[in-house]
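Asks: So that you have it, the file is coords.cif, and it contains mmCIF, C-alpha atoms:
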data_run
#
loop_
_atom_site.label_atom_id
_atom_site.label_comp_id
_atom_site.auth_asym_id
_atom_site.auth_seq_id
_atom_site.Cartn_x
_atom_site.Cartn_y
_atom_site.Cartn_z
CA MET A 63 -52.40 30.93 -0.29
CA GLY A 64 -49.87 33.46 0.90
CA VAL A 65 -46.90 32.67 3.12
CA VAL A 66 -46.92 34.21 6.57
CA PRO A 67 -43.84 36.44 6.94
CA GLY A 68 -41.12 34.68 8.97
CA ARG A 69 -42.81 31.27 8.58
CA ARG A 70 -40.58 29.91 5.78
CA PRO A 71 -37.39 29.78 7.89
CA VAL A 72 -39.27 27.92 10.61
CA LEU A 73 -40.62 25.39 8.12
CA VAL A 74 -37.15 24.93 6.62
CA ALA A 75 -35.66 24.40 10.07
CA MET A 76 -38.36 21.86 10.92
CA ALA A 77 -37.71 20.01 7.66
CA VAL A 78 -33.98 19.92 8.31
CA GLY A 79 -34.63 18.59 11.81
CA VAL A 80 -36.88 15.83 10.51
CA LEU A 81 -34.31 14.83 7.91
CA ALA A 82 -31.61 14.69 10.58
CA VAL A 83 -33.72 12.41 12.75
CA LEU A 84 -34.46 10.15 9.77
CA ALA A 85 -30.77 10.03 8.89
CA MET A 86 -29.88 9.03 12.44
CA ALA A 87 -32.57 6.37 12.42
CA GLN A 88 -31.27 5.03 9.12
CA GLN A 89 -27.73 4.94 10.51
CA ASP A 90 -28.92 2.98 13.54
CA GLN A 91 -30.79 0.57 11.28
CA ASP A 92 -27.72 0.12 9.08
CA ASP A 93 -25.78 -0.90 12.17
CA VAL A 94 -28.15 -3.79 12.93
CA VAL A 95 -27.42 -6.78 10.74
CA GLY A 96 -27.73 -10.54 10.48
CA VAL A 97 -30.41 -12.26 12.51
CA TYR A 98 -31.55 -8.92 13.96
CA GLN A 99 -33.09 -7.81 10.66
CA PRO A 100 -35.66 -6.54 10.00
CA ARG A 101 -36.51 -5.74 13.63
CA ASP A 102 -34.03 -4.60 16.27
CA PRO A 103 -34.79 -6.69 19.39
CA CYS A 104 -33.10 -4.19 21.72
CA PRO A 105 -32.78 -0.61 20.43
CA GLN A 106 -32.12 0.46 24.03
CA VAL A 107 -28.79 -1.37 24.18
CA GLU A 108 -26.77 1.52 22.72
CA THR A 109 -27.96 3.90 25.43
CA ILE A 110 -27.53 1.31 28.18
CA VAL A 111 -23.93 0.59 27.19
CA GLN A 112 -23.02 4.23 26.67
CA GLN A 113 -24.31 5.34 30.07
CA ILE A 114 -22.70 2.53 32.07
CA VAL A 115 -19.35 2.85 30.30
CA ALA A 116 -19.25 6.65 30.52
CA ASP A 117 -19.91 6.48 34.27
CA GLU A 118 -17.12 3.94 34.67
CA VAL A 119 -14.59 5.95 32.66
CA ARG A 120 -15.24 9.03 34.80
CA GLN A 121 -14.32 7.02 37.90
CA ASN A 122 -11.73 4.73 36.35
CA PRO A 123 -10.08 6.17 33.21
CA GLN A 124 -7.81 3.12 32.84
CA ILE A 125 -10.84 1.05 31.85
CA THR A 126 -10.55 2.35 28.25
CA ALA A 127 -7.22 0.61 27.83
CA GLY A 128 -8.67 -2.42 29.57
CA PHE A 129 -11.50 -2.70 27.08
CA LEU A 130 -9.19 -2.16 24.11
CA ARG A 131 -6.86 -4.94 25.22
CA VAL A 132 -9.66 -7.41 25.91
CA PHE A 133 -11.44 -6.66 22.63
CA PHE A 134 -8.26 -6.82 20.58
CA HIS A 135 -7.26 -10.15 22.15
CA ASP A 136 -10.77 -11.51 21.64
CA CYS A 137 -10.88 -10.62 17.93
CA PHE A 138 -7.34 -11.93 17.32
CA THR A 139 -8.21 -15.28 18.92
CA GLY A 140 -10.53 -16.74 16.33
CA GLY A 141 -12.82 -13.75 15.98
CA CYS A 142 -14.91 -11.16 17.84
CA ASP A 143 -17.03 -13.77 19.64
CA ALA A 144 -16.55 -13.03 23.37
CA SER A 145 -14.53 -16.25 23.78
CA ILE A 146 -12.06 -14.28 25.90
CA LEU A 147 -14.72 -13.83 28.58
CA LEU A 148 -14.78 -17.60 29.23
CA ASP A 149 -12.48 -18.70 32.04
CA GLY A 150 -10.37 -20.98 29.86
CA GLU A 151 -9.22 -18.10 27.67
CA TRP A 152 -9.40 -15.35 30.29
CA ASN A 153 -6.99 -17.24 32.55
CA ALA A 154 -4.59 -18.39 29.81
CA PRO A 155 -1.43 -16.60 28.63
CA PRO A 156 -1.08 -13.86 27.53
CA ASN A 157 -4.34 -12.79 29.21
CA ARG A 158 -3.71 -14.14 32.70
CA GLY A 159 -2.59 -11.23 34.87
CA SER A 160 -2.61 -8.73 31.99
CA VAL A 161 -6.33 -8.10 31.47
CA GLN A 162 -8.33 -5.95 33.84
CA PRO A 163 -10.87 -8.01 35.84
CA ARG A 164 -13.16 -4.99 35.93
CA VAL A 165 -13.73 -5.29 32.18
CA ARG A 166 -15.41 -8.67 32.50
CA GLU A 167 -17.33 -7.49 35.56
CA LEU A 168 -18.62 -4.45 33.68
CA VAL A 169 -19.64 -6.51 30.65
CA ASN A 170 -21.79 -8.63 32.95
CA VAL A 171 -23.22 -5.52 34.61
CA ILE A 172 -24.34 -4.43 31.14
CA ARG A 173 -25.48 -7.99 30.39
CA ASP A 174 -27.76 -7.96 33.45
CA ARG A 175 -29.24 -4.56 32.55
CA VAL A 176 -29.90 -5.62 28.95
CA ASN A 177 -31.50 -8.86 30.15
CA ARG A 178 -33.89 -6.91 32.35
CA VAL A 179 -34.83 -4.43 29.63
CA CYS A 180 -34.87 -6.61 26.51
CA GLY A 181 -34.74 -10.22 27.70
CA ASP A 182 -31.84 -12.65 27.66
CA LYS A 183 -32.04 -13.54 23.96
CA ALA A 184 -31.76 -10.06 22.46
CA VAL A 185 -28.08 -9.02 22.50
CA SER A 186 -24.94 -11.17 22.63
CA CYS A 187 -21.98 -10.67 24.94
CA ALA A 188 -19.86 -10.23 21.80
CA ASP A 189 -22.00 -7.26 20.75
CA ILE A 190 -21.87 -5.82 24.26
CA LEU A 191 -18.07 -6.08 24.32
CA ALA A 192 -17.78 -4.38 20.92
CA LEU A 193 -20.12 -1.54 21.90
CA ALA A 194 -18.52 -1.06 25.32
CA THR A 195 -15.03 -0.88 23.80
CA ARG A 196 -16.19 1.70 21.27
CA ASP A 197 -17.91 3.76 23.96
CA SER A 198 -14.92 3.62 26.31
CA VAL A 199 -12.87 5.29 23.57
CA VAL A 200 -15.57 7.93 23.08
CA ALA A 201 -15.61 8.61 26.84
CA ALA A 202 -11.83 9.14 26.66
CA LYS A 203 -12.38 11.84 23.98
CA GLY A 204 -11.84 9.57 20.99
CA PRO A 205 -13.99 9.14 17.85
CA ARG A 206 -17.29 7.27 17.76
CA VAL A 207 -17.12 4.28 15.41
CA PRO A 208 -20.33 2.81 13.91
CA ILE A 209 -20.59 -0.75 15.25
CA SER A 210 -22.73 -3.40 13.58
CA ARG A 211 -24.71 -5.76 15.79
CA GLY A 212 -25.69 -9.35 15.17
CA ARG A 213 -22.76 -11.36 16.54
CA PHE A 214 -23.27 -14.55 18.50
CA ASP A 215 -21.15 -15.83 21.37
CA SER A 216 -18.76 -18.73 20.94
CA LEU A 217 -19.44 -22.05 22.62
CA THR A 218 -15.82 -22.54 23.63
CA PHE A 219 -12.64 -20.57 24.12
CA GLY A 220 -9.81 -20.22 21.60
CA THR A 221 -6.04 -20.30 21.56
CA ASN A 222 -3.81 -17.25 21.77
CA GLY A 223 -1.44 -17.98 18.89
CA ASP A 224 -2.12 -14.77 16.93
CA ILE A 225 -1.61 -12.22 19.70
CA PRO A 226 1.34 -10.03 18.61
CA SER A 227 4.47 -9.79 20.74
CA PRO A 228 6.04 -6.44 21.66
CA PHE A 229 9.26 -7.81 20.14
CA ASP A 230 7.79 -8.67 16.71
CA SER A 231 9.22 -7.08 13.59
CA ILE A 232 7.01 -4.78 11.55
CA ALA A 233 6.96 -7.42 8.81
CA LYS A 234 5.69 -10.00 11.29
CA LEU A 235 3.07 -7.59 12.63
CA ARG A 236 1.82 -6.83 9.15
CA GLN A 237 1.59 -10.55 8.43
CA THR A 238 -0.37 -11.17 11.64
CA PHE A 239 -2.78 -8.29 11.06
CA GLY A 240 -3.22 -9.42 7.47
CA LYS A 241 -4.65 -12.74 8.63
CA PHE A 242 -7.67 -10.78 9.87
CA LYS A 243 -8.04 -8.66 6.71
CA LEU A 244 -6.33 -5.77 8.45
CA ASP A 245 -3.93 -5.84 5.53
CA LYS A 246 -3.03 -2.19 5.13
CA ALA A 247 -0.15 -0.48 6.87
CA ALA A 248 -2.67 2.13 7.98
CA ASP A 249 -4.60 -0.55 9.90
CA LEU A 250 -1.50 -1.57 11.85
CA VAL A 251 -0.45 2.00 12.63
CA ALA A 252 -3.91 3.29 13.53
CA LEU A 253 -4.75 0.35 15.80
CA SER A 254 -1.33 0.66 17.43
CA GLY A 255 -2.61 4.13 18.32
CA GLY A 256 -4.71 2.39 20.96
CA HIS A 257 -1.53 2.68 23.03
CA THR A 258 -2.43 6.34 23.49
CA VAL A 259 -4.13 5.13 26.68
CA GLY A 260 -3.15 2.61 29.32
CA LYS A 261 -0.15 1.23 31.18
CA THR A 262 2.12 -1.78 30.92
CA ARG A 263 3.37 -3.96 33.72
CA PHE A 264 5.63 -5.84 31.31
CA CYS A 265 8.75 -3.88 32.20
CA GLY A 266 10.95 -6.33 30.29
CA GLY A 267 9.46 -5.04 27.06
CA VAL A 268 10.21 -1.36 27.75
CA VAL A 269 12.88 0.09 25.44
CA ARG A 270 14.36 3.21 27.05
CA PRO A 271 16.55 2.65 30.14
CA ASP A 272 14.90 5.54 32.03
CA PHE A 273 11.42 4.20 31.25
CA LYS A 274 12.48 0.69 32.23
CA ALA A 275 13.89 1.92 35.56
CA ASN A 276 10.68 3.84 36.25
CA CYS A 277 8.57 0.83 35.31
CA ASN A 278 10.59 -1.46 37.59
CA ALA A 279 10.33 1.03 40.45
CA LYS A 280 6.59 1.67 40.11
CA GLY A 281 5.48 -1.68 38.72
CA SER A 282 4.00 -0.14 35.56
CA HIS A 283 4.56 2.55 32.95
CA ASP A 284 2.27 4.71 30.82
CA LEU A 285 2.18 3.69 27.16
CA ASP A 286 1.62 7.33 26.17
CA VAL A 287 3.82 9.46 28.41
CA ILE A 288 2.26 12.73 27.22
CA THR A 289 -1.52 12.30 27.74
CA PRO A 290 -1.90 8.79 29.21
CA VAL A 291 -5.67 8.79 29.84
CA VAL A 292 -6.86 10.78 26.81
CA PHE A 293 -7.55 9.13 23.47
CA ASP A 294 -5.70 11.46 21.09
CA ASN A 295 -2.73 11.51 18.71
CA GLN A 296 -0.07 12.19 21.33
CA TYR A 297 1.15 8.58 21.17
CA PHE A 298 2.37 9.38 17.65
CA VAL A 299 3.83 12.70 18.75
CA GLY A 300 5.76 10.73 21.37
CA LEU A 301 7.09 8.26 18.80
CA ASN A 302 8.56 11.18 16.88
CA ARG A 303 10.39 12.15 20.09
CA SER A 304 11.66 8.58 20.68
CA LEU A 305 9.19 8.14 23.54
CA GLY A 306 7.85 4.76 22.39
CA VAL A 307 7.55 2.29 25.26
CA PHE A 308 7.61 -1.07 23.45
CA PRO A 309 10.04 -2.03 20.65
CA THR A 310 7.08 -2.48 18.29
CA ASP A 311 5.93 1.08 19.04
CA GLN A 312 9.21 2.71 18.07
CA LYS A 313 9.76 0.35 15.10
CA LEU A 314 6.68 1.88 13.45
CA LEU A 315 8.83 4.99 12.96
CA THR A 316 12.22 3.43 12.32
CA ASP A 317 11.84 0.10 10.50
CA ASP A 318 9.31 0.60 7.69
CA ALA A 319 8.96 3.55 5.32
CA GLU A 320 5.19 3.16 4.91
CA THR A 321 4.45 2.98 8.64
CA ARG A 322 6.92 5.83 9.27
CA ASN A 323 5.02 8.16 6.97
CA LEU A 324 1.76 7.28 8.72
CA VAL A 325 3.23 7.93 12.18
CA ILE A 326 4.41 11.34 11.02
CA ALA A 327 1.03 12.12 9.41
CA PHE A 328 -0.96 11.07 12.49
CA ALA A 329 1.33 13.08 14.77
CA ARG A 330 0.77 16.12 12.59
CA ASP A 331 -3.02 15.79 12.24
CA GLN A 332 -5.25 14.19 14.89
CA ASN A 333 -8.21 14.21 12.51
CA GLU A 334 -6.30 11.97 10.12
CA PHE A 335 -5.62 9.52 12.95
CA PHE A 336 -9.26 9.56 14.06
CA LYS A 337 -10.45 9.02 10.49
CA GLN A 338 -8.19 5.99 10.04
CA TRP A 339 -8.97 4.68 13.53
CA THR A 340 -12.67 4.72 12.63
CA THR A 341 -12.02 2.69 9.47
CA SER A 342 -9.61 0.21 11.05
CA PHE A 343 -11.52 -0.33 14.29
CA LYS A 344 -14.68 -1.02 12.29
CA LYS A 345 -12.75 -3.63 10.28
CA LEU A 346 -11.42 -5.15 13.50
CA SER A 347 -14.90 -5.35 15.00
CA ASP A 348 -16.11 -7.32 11.97
CA VAL A 349 -13.48 -10.08 12.24
CA ASN A 350 -14.86 -13.64 12.04
CA TRP A 351 -18.31 -13.39 13.58
CA VAL A 352 -19.89 -16.50 15.07
CA SER A 353 -23.23 -17.32 13.47
CA GLN A 354 -26.47 -18.40 15.10
CA LYS A 355 -25.83 -21.96 13.90
CA THR A 356 -22.48 -22.25 15.70
CA GLY A 357 -23.00 -19.90 18.65
CA GLU A 358 -25.46 -18.66 21.23
CA ILE A 359 -26.43 -15.58 23.23
CA ARG A 360 -25.00 -16.19 26.68
CA ARG A 361 -27.08 -15.31 29.71
CA ASP A 362 -23.85 -14.90 31.70
CA CYS A 363 -20.91 -13.68 29.66
CA ALA A 364 -18.34 -15.65 31.69
CA ARG A 365 -19.82 -19.06 30.85
CA THR A 366 -21.77 -20.85 28.19
CA ASN A 367 -25.49 -21.47 28.69
CA SER A 368 -24.89 -25.22 29.00
CA GLY A 369 -22.45 -24.80 31.88
CA ARG A 370 -19.02 -23.52 32.83
CA LEU A 371 -17.26 -25.04 29.81
CA GLY A 372 -14.18 -22.87 30.08
CA SER A 373 -13.82 -23.47 33.80
CA ILE A 374 -14.28 -27.23 33.52
CA ILE A 375 -11.52 -27.55 30.93
CA GLN A 376 -9.19 -25.16 32.73
CA ASP A 377 -9.73 -26.90 36.07
CA ALA A 378 -8.89 -30.25 34.48
CA ALA A 379 -5.73 -28.80 32.96
CA ASP A 380 -4.64 -27.39 36.32
CA GLN A 381 -4.93 -30.73 38.11
#
What does the file become when written as C-alpha cells?
Replies:
Amino acid sequence: MGVVPGRRPVLVAMAVGVLAVLAMAQQDQDDVVGVYQPRDPCPQVETIVQQIVADEVRQNPQITAGFLRVFFHDCFTGGCDASILLDGEWNAPPNRGSVQPRVRELVNVIRDRVNRVCGDKAVSCADILALATRDSVVAAKGPRVPISRGRFDSLTFGTNGDIPSPFDSIAKLRQTFGKFKLDKAADLVALSGGHTVGKTRFCGGVVRPDFKANCNAKGSHDLDVITPVVFDNQYFVGLNRSLGVFPTDQKLLTDDAETRNLVIAFARDQNEFFKQWTTSFKKLSDVNWVSQKTGEIRRDCARTNSGRLGSIIQDAADQ
C-alpha cells in the first residue's frame, strides 16, 4: 500500500508524542516507591501541590525560603519524616521564632485537599512537605527535582542536635552533612545555594558591618542581596564579591579549596549549580525515611493520629 504524500511526517510526530507521554508516565511511576507500588493511591497529588504552592509563591515569594528551611531542618532532625510539623519540634530551638508559620498552615491546606480527593490514607505529610518544597523552588524559577513518594510520618518529634550553626567551620559542616550521606563538597555548596532566597532575622550572625547595621535597623536582611526572591546562582556571584551574609556563607569561598572552586564554578554557570542542586536535593529528600511499621499517615500534619503528642510533651515541659 502506498504512503499518502505528507502523511509520514504526521505519523512520525504522533509516534514521538506517544513516546514522550510514555516516558513521562514512566518517570512518574519511578517516583512512586515503597508501599505505594505497584499502584499509586493518589496520582493527583503532584498537581494539587503544584497549583497550591505556585499560587502562594505569587502572593508571598518568601514562602520558598520558608519551605526550604522547614524541610532542611526536618531532614536533619532524624530524617525527612514531617516530625518538624509536630508542636514539640516546631516550637523548640532553633525552630521557634525562625520558621514561617505559613509553611505549616499551607501543608495542612494541601493535606485537606488531598484527603478530599484521595482519602486520608493515601499521601503522608512527609511526602507533601517534600513535594511542596520542591515546587516552591520551581515557582521561584529554580529547577524541578524528581521526588520519590512513599514516606511515612513520624510518631514523635526529634531533637535539633544536627542543625548547622552559621558559625561552624567548613570542616564541621562537611562532617554534619556527611552524617546524612551528603558527603561530597558539592552537596554542601549546592544546598548552601538555598540561601539564594530568603531573609535572616539573626542579625548577630551577619558578617559585614554595613549588612549588620541594616539588619539591626530593619529587623532582617536578605541572604542574597542581588536577587533575593529568585532561585538562581546570584548567591554565588555575591560570595565572589564578599557579599555573603553569614560566616558560613563566605567561608565556602575562603576556607576550603574544594568548596571555593565550586563557588566559583556555580557563579560562572547557573546550569552547573542547577544540575548539582538537583542531585543534592534529591539526596537530601531521601534521608532516613520512616517506614510503615514505625510511622503513620497523619490526618492532620500538626499532630499524630492518636492525639497531640508533641503538644502534650511540650506543655508538660513548659509547666
Asks: Expanded to explicit residues, what is the PyMOL selection byres ((chain A and resi 174-186) around 7) for this file, as an mmCIF file with C-alpha atoms, in the frame of the given file?
Replies:
data_model
loop_
_atom_site.group_PDB
_atom_site.id
_atom_site.type_symbol
_atom_site.label_atom_id
_atom_site.label_comp_id
_atom_site.auth_asym_id
_atom_site.auth_seq_id
_atom_site.Cartn_x
_atom_site.Cartn_y
_atom_site.Cartn_z
ATOM 1 C CA PRO A 103 -34.790 -6.690 19.390
ATOM 2 C CA CYS A 104 -33.100 -4.190 21.720
ATOM 3 C CA VAL A 107 -28.790 -1.370 24.180
ATOM 4 C CA ASN A 170 -21.790 -8.630 32.950
ATOM 5 C CA VAL A 171 -23.220 -5.520 34.610
ATOM 6 C CA ILE A 172 -24.340 -4.430 31.140
ATOM 7 C CA ARG A 173 -25.480 -7.990 30.390
ATOM 8 C CA CYS A 187 -21.980 -10.670 24.940
ATOM 9 C CA ALA A 188 -19.860 -10.230 21.800
ATOM 10 C CA ASP A 189 -22.000 -7.260 20.750
ATOM 11 C CA ILE A 190 -21.870 -5.820 24.260
ATOM 12 C CA ARG A 213 -22.760 -11.360 16.540
ATOM 13 C CA PHE A 214 -23.270 -14.550 18.500
ATOM 14 C CA ASP A 215 -21.150 -15.830 21.370
ATOM 15 C CA ILE A 359 -26.430 -15.580 23.230
ATOM 16 C CA ARG A 360 -25.000 -16.190 26.680
ATOM 17 C CA ARG A 361 -27.080 -15.310 29.710
#
Asks: Hey, what's within 12 Å of Arg131 of chain A if we count all atoms listed in the file and toss same-chain stuff fewer than 6 positions away? As a PDB file with C-alpha atoms, keeping the file's coordinate frame, please?
Replies:
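Written file, result.pdb:
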ATOM      1  CA  GLN A 124      -7.810   3.120  32.840  1.00  0.00           C
ATOM      2  CA  ILE A 125     -10.840   1.050  31.850  1.00  0.00           C
ATOM      3  CA  CYS A 137     -10.880 -10.620  17.930  1.00  0.00           C
ATOM      4  CA  PHE A 138      -7.340 -11.930  17.320  1.00  0.00           C
ATOM      5  CA  ILE A 146     -12.060 -14.280  25.900  1.00  0.00           C
ATOM      6  CA  TRP A 152      -9.400 -15.350  30.290  1.00  0.00           C
ATOM      7  CA  PRO A 156      -1.080 -13.860  27.530  1.00  0.00           C
ATOM      8  CA  ASN A 157      -4.340 -12.790  29.210  1.00  0.00           C
ATOM      9  CA  SER A 160      -2.610  -8.730  31.990  1.00  0.00           C
ATOM     10  CA  VAL A 161      -6.330  -8.100  31.470  1.00  0.00           C
ATOM     11  CA  GLN A 162      -8.330  -5.950  33.840  1.00  0.00           C
ATOM     12  CA  PRO A 163     -10.870  -8.010  35.840  1.00  0.00           C
ATOM     13  CA  VAL A 165     -13.730  -5.290  32.180  1.00  0.00           C
ATOM     14  CA  ARG A 166     -15.410  -8.670  32.500  1.00  0.00           C
ATOM     15  CA  LEU A 191     -18.070  -6.080  24.320  1.00  0.00           C
ATOM     16  CA  ALA A 192     -17.780  -4.380  20.920  1.00  0.00           C
ATOM     17  CA  THR A 195     -15.030  -0.880  23.800  1.00  0.00           C
ATOM     18  CA  SER A 198     -14.920   3.620  26.310  1.00  0.00           C
ATOM     19  CA  VAL A 199     -12.870   5.290  23.570  1.00  0.00           C
ATOM     20  CA  ILE A 225      -1.610 -12.220  19.700  1.00  0.00           C
ATOM     21  CA  PRO A 226       1.340 -10.030  18.610  1.00  0.00           C
ATOM     22  CA  LEU A 253      -4.750   0.350  15.800  1.00  0.00           C
ATOM     23  CA  SER A 254      -1.330   0.660  17.430  1.00  0.00           C
ATOM     24  CA  GLY A 256      -4.710   2.390  20.960  1.00  0.00           C
ATOM     25  CA  HIS A 257      -1.530   2.680  23.030  1.00  0.00           C
ATOM     26  CA  VAL A 259      -4.130   5.130  26.680  1.00  0.00           C
ATOM     27  CA  GLY A 260      -3.150   2.610  29.320  1.00  0.00           C
ATOM     28  CA  LYS A 261      -0.150   1.230  31.180  1.00  0.00           C
ATOM     29  CA  THR A 262       2.120  -1.780  30.920  1.00  0.00           C
TER      30      THR A 262
END
Asks: List the residues selected by the PyMOL selection byres ((chain A and resi 108) around 10) in the file shown, writing them as a ChimeraX atom specification.
Replies: /A:90,104-107,109-113,176,190,193-194,197,209
Asks: Write out as an MDAnalysis selection string which residues come within 12 Å of Thr310 of chain A when counting all atoms listed in the file, dropping same-chain ones fewer than 3 positions away.
Replies: chainID A and resid 226:236 250:251 254:255 257 267:269 285 301 306:307 313:318 321
Asks: Evaluate the PyMOL selection byres ((chain A and resi 326) around 10) and record the selected residues as a list in words, following the chain and residue labels used in the document.
Replies: Phe298, Val299, Leu301, Asn302, Leu315, Thr321, Arg322, Asn323, Leu324, Val325, Ala327, Phe328, Ala329, Arg330 and Asp331 of chain A
Asks: Would you please work out which residue, of A:Leu168, A:Leu217, A:Ala252, A:Leu305, is nearest to Val352 of chain A when using all atoms listed in the file?
Replies: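 Under the stated criterion, the closest residue is A:Leu217.
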Asks: Hey, which of A:Pro290, A:Glu334, A:Glu118, A:Thr340 ends up closest to Glu167 of chain A? Count all atoms listed in the file.
Replies: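 Residue with the minimum atom-to-atom distance to Glu167 of chain A: A:Glu118.
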Asks: Please compute the atom CA of Gly240 of chain A-atom CA of Phe335 of chain A distance, one decimal, in Å.
Replies: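 Value for the atom CA of Gly240 of chain A-atom CA of Phe335 of chain A distance: 19.9 Å.
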Asks: In Å, how far is it from atom CA of Gly357 of chain A to atom CA of Leu148 of chain A?
Replies: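 Those two atoms sit 13.6 Å apart.
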Asks: Between atom CA of Val291 of chain A and atom CA of Thr258 of chain A, what is the distance, to one decimal in Å?
Replies: 7.5 Å
Asks: My list of candidates is A:Asn153, A:Thr289, A:Thr238, A:Ser347. Which is closest to Arg196 of chain A when distances are computed with only C-alpha atoms?
Replies: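 Distance minimum relative to Arg196 of chain A lands on A:Ser347.
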Asks: Which is closest to Asp245 of chain A among A:Lys345, A:Tyr297, A:Val207, A:Arg263, if we use only C-alpha atoms?
Replies: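 Of all the options, A:Lys345 lies closest to Asp245 of chain A.
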Asks: Ranking A:Val287, A:Ala154, A:Leu147, A:Val115 by minimum distance to Phe273 of chain A and counting all atoms listed in the file, which one comes first?
Replies: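 Using all atoms listed in the file, the shortest distance to Phe273 of chain A belongs to A:Val287.
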Asks: If we count only C-alpha atoms, what is near segment 201-205 of chain A at a cut-off of 6 Å, once residues fewer than 6 positions away on the same chain are taken out, given as a list in words?
Replies: Ala116, Val292 and Phe293 of chain A
Asks: Looking at only C-alpha atoms, which of A:Phe242, A:Phe219, A:Trp339, A:Phe264 is the one that sits closest to Gly150 of chain A?
Replies: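 Of A:Phe242, A:Phe219, A:Trp339, A:Phe264, the one nearest Gly150 of chain A is A:Phe219, counting only C-alpha atoms.
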Asks: To box segment 195-210 of chain A, take all atoms listed in the file, fit an axis-aligned box, add 6 Å on each side, and give centre and edge lengths in Å to one decimal, as JSON.
Replies:
{"center_x": -17.3, "center_y": 4.2, "center_z": 20.2, "size_x": 22.9, "size_y": 27.2, "size_z": 25.3}
